[in-house]
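Peer 1: Let me begin by handing over the structure; questions about it come next.
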Amino acid sequence: MLLTSLFTALLIFLNYYYNLDARVEGTSFYLSLLYHYWLFFIAFLIPYLFNPSAVISNVQKSRGLVFLFFIAPAIFSFKAVADFRVQISDDPLWNNYWDHILYWPFLLVVVSATLYLIRRIWYRDSSYFGLSTDNFLWKSYLVVLLMMIPLIAIVSTQPDFLEIYPKLRSVTGLNHELKLNGWYKLLFELSYGSDFITIELFFRGFLVLAFLKWFGKDTILPMACFYCTIHFGKPITECISSYFGGILLGIIIYNTRSILGGLVLHVGVAWLMEIGGYLGNFRGEN
């Protein structure tokens with residue numbers, strides 16, 4: 001725990017001090033893909049190497065484990081850099097809107113299909129990486145979400161938060177120039193929410209449950225470190241908290257073997273932050 005936390009802190013420091021994510025942004029697809037692959041690979045593998053005897057013994061038992069170590073960062077590095085363009089309108093702003101509407105569901109299909117193939121090869125007798133209603137007590141997660149409301153209300157007053165949330169603000173010009181009504185905004189939020197299905201399925205369902213038979217509860221910390229790195233470029237407080245949030249969600253999936261609880265929390269918090277962003281910016285405009 002200590003070594004992984006210090007290593008994660010080092011990665012956070014290097015990224016935000018040298019502004020690495022911004023330096024990579026705007027480069028070629030292949031350079032960005034290579035950067036993200038090695039970032040994710042290091043963030044995922046190094047925490048496992050803090051217990052080298054476990055890694056060596058498990059690799060000797062299953063050569064397929066080596067493949068999984070290499071394929072996991074490849075899957076998400078593709079997701080991180082994949083671009084999506086559609087031409088369904090003469091108005092480039094509307095094309096930009098539909099790019100975003102279709103982008104997250106498209107990646108959900110790609111990642112889900114990839115993990116399904118992996119499951120068919122290595123995990124034929126198991127459920128599809130945590131898609132189970134067993135041990136899913138929705139009232140408990142609702143209580144946690146209610147407890148998050150005051151914290152999100154406080155954060156939603158901060159300028160750096162309001163520059164990013166709601167996410168529709170990051171889609172340049174859409175909300176202002178297209179004058180989107182409530183239905184278009186709702187469609188955007190539903191599409192945005194689908195991205196968290198991808199994240200929960202990959203990080204908690206795959207990175208925890210798929211490696212569980214080899215490493216037990218020790219799958220949680222490498223997943224949390226990896227999970228933290230996908231938040232590089234976001235406000236640093238959000239990035240740091242994602243590490244501890246990843247640990248919490250990892251503990252939930254370890255004890256329940258279901259990603260549904262983590263999905264409720266993740267999507268719930270994300271949509272609460274969206275609401276906070278809408279309300280915060282509305283207050284700022286008035």
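By convention here, the chains of the structure tokens are called A, B, ... in the order presented, each chain's residues are numbered starting at 1, and ligands are numbered starting at 1 in the order presented.
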Near range 194-201 of chain A, counting only C-alpha atoms, which residues have an atom at most 8 Å away, once you skip same-chain residues fewer than 6 positions from it, shown as a PDB file with C-alpha atoms, in the first residue's frame?

Peer 2:
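Heads up, here's the output in around09.pdb:
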```pdb
ATOM      1  CA  TRP A 104     -18.713   6.846 -25.952  1.00  0.00           C
ATOM      2  CA  PRO A 105     -21.201   4.103 -26.974  1.00  0.00           C
ATOM      3  CA  LEU A 107     -15.965   2.618 -27.409  1.00  0.00           C
ATOM      4  CA  LEU A 108     -18.242   0.693 -25.058  1.00  0.00           C
ATOM      5  CA  VAL A 111     -14.020  -2.624 -25.300  1.00  0.00           C
ATOM      6  CA  SER A 112     -16.889  -4.940 -24.360  1.00  0.00           C
ATOM      7  CA  PHE A 129     -16.428  -9.846 -15.498  1.00  0.00           C
ATOM      8  CA  GLY A 130     -18.846  -8.810 -12.778  1.00  0.00           C
ATOM      9  CA  ILE A 259     -19.589  -4.231 -10.894  1.00  0.00           C
ATOM     10  CA  GLY A 262     -19.469   0.508  -8.404  1.00  0.00           C
ATOM     11  CA  LEU A 263     -21.300   1.459 -11.576  1.00  0.00           C
ATOM     12  CA  HIS A 266     -19.493   6.054 -10.489  1.00  0.00           C
ATOM     13  CA  VAL A 267     -22.330   7.119 -12.756  1.00  0.00           C
TER      14      VAL A 267
END
```

Peer 1: For range 68-75 of chain A, please output as a list in words all residues within 8 Å (counting only C-alpha atoms; exclusion window: fewer than 6 positions along the same chain).

Peer 2: Tyr37, Trp38, Phe40, Phe41, Phe44, Leu45, Val111 and Leu207 of chain A

Peer 1: Pick out the closest residue to Lys179 in chain A from this set: A:Leu137, A:Leu39, A:Ala54, A:Leu93. Count only C-alpha atoms.

Peer 2: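 Using only C-alpha atoms, Lys179 in chain A sits closest to A:Leu93.
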
Peer 1: Applying 10 Å and only C-alpha atoms, which residues near Tyr103 in chain A remain after dropping the ones on its own chain fewer than 2 positions away? List them as a PDB file with C-alpha atoms, in the first residue's frame.

Peer 2:
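Okay, out-v8.pdb is ready:
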```
ATOM      1  CA  ALA A  82      -9.364   6.782 -30.463  1.00  0.00           C
ATOM      2  CA  ASP A  83     -10.947   9.502 -32.564  1.00  0.00           C
ATOM      3  CA  PHE A  84     -14.438   9.534 -33.986  1.00  0.00           C
ATOM      4  CA  ARG A  85     -15.812  11.619 -36.845  1.00  0.00           C
ATOM      5  CA  VAL A  86     -19.217  11.582 -38.511  1.00  0.00           C
ATOM      6  CA  TYR A  97     -22.215  17.172 -31.360  1.00  0.00           C
ATOM      7  CA  TRP A  98     -23.016  13.797 -32.933  1.00  0.00           C
ATOM      8  CA  ASP A  99     -19.329  12.859 -32.789  1.00  0.00           C
ATOM      9  CA  HIS A 100     -19.585  13.065 -29.023  1.00  0.00           C
ATOM     10  CA  ILE A 101     -22.967  11.354 -28.827  1.00  0.00           C
ATOM     11  CA  PRO A 105     -21.201   4.103 -26.974  1.00  0.00           C
ATOM     12  CA  PHE A 106     -18.864   3.104 -29.826  1.00  0.00           C
ATOM     13  CA  LEU A 107     -15.965   2.618 -27.409  1.00  0.00           C
ATOM     14  CA  LEU A 108     -18.242   0.693 -25.058  1.00  0.00           C
ATOM     15  CA  SER A 191     -24.014   9.023 -23.876  1.00  0.00           C
ATOM     16  CA  TYR A 192     -21.502  10.403 -21.363  1.00  0.00           C
ATOM     17  CA  SER A 194     -22.244   5.026 -21.041  1.00  0.00           C
ATOM     18  CA  ASP A 195     -18.523   5.727 -20.771  1.00  0.00           C
TER      19      ASP A 195
END
```

Peer 1: Looking at only C-alpha atoms, which of A:Leu180, A:Leu34, A:Ile88, A:Leu272 is the one that sits closest to Met147 in chain A?

Peer 2: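 Closest to Met147 in chain A of all the choices is A:Leu272.
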
Peer 1: May I ask which of the residues A:Gly182, A:Pro47, A:Gly193, A:Pro92 is the closest one to Glu274 in chain A, counting only C-alpha atoms?

Peer 2: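 Among the listed residues, the smallest separation from Glu274 in chain A belongs to A:Gly193.
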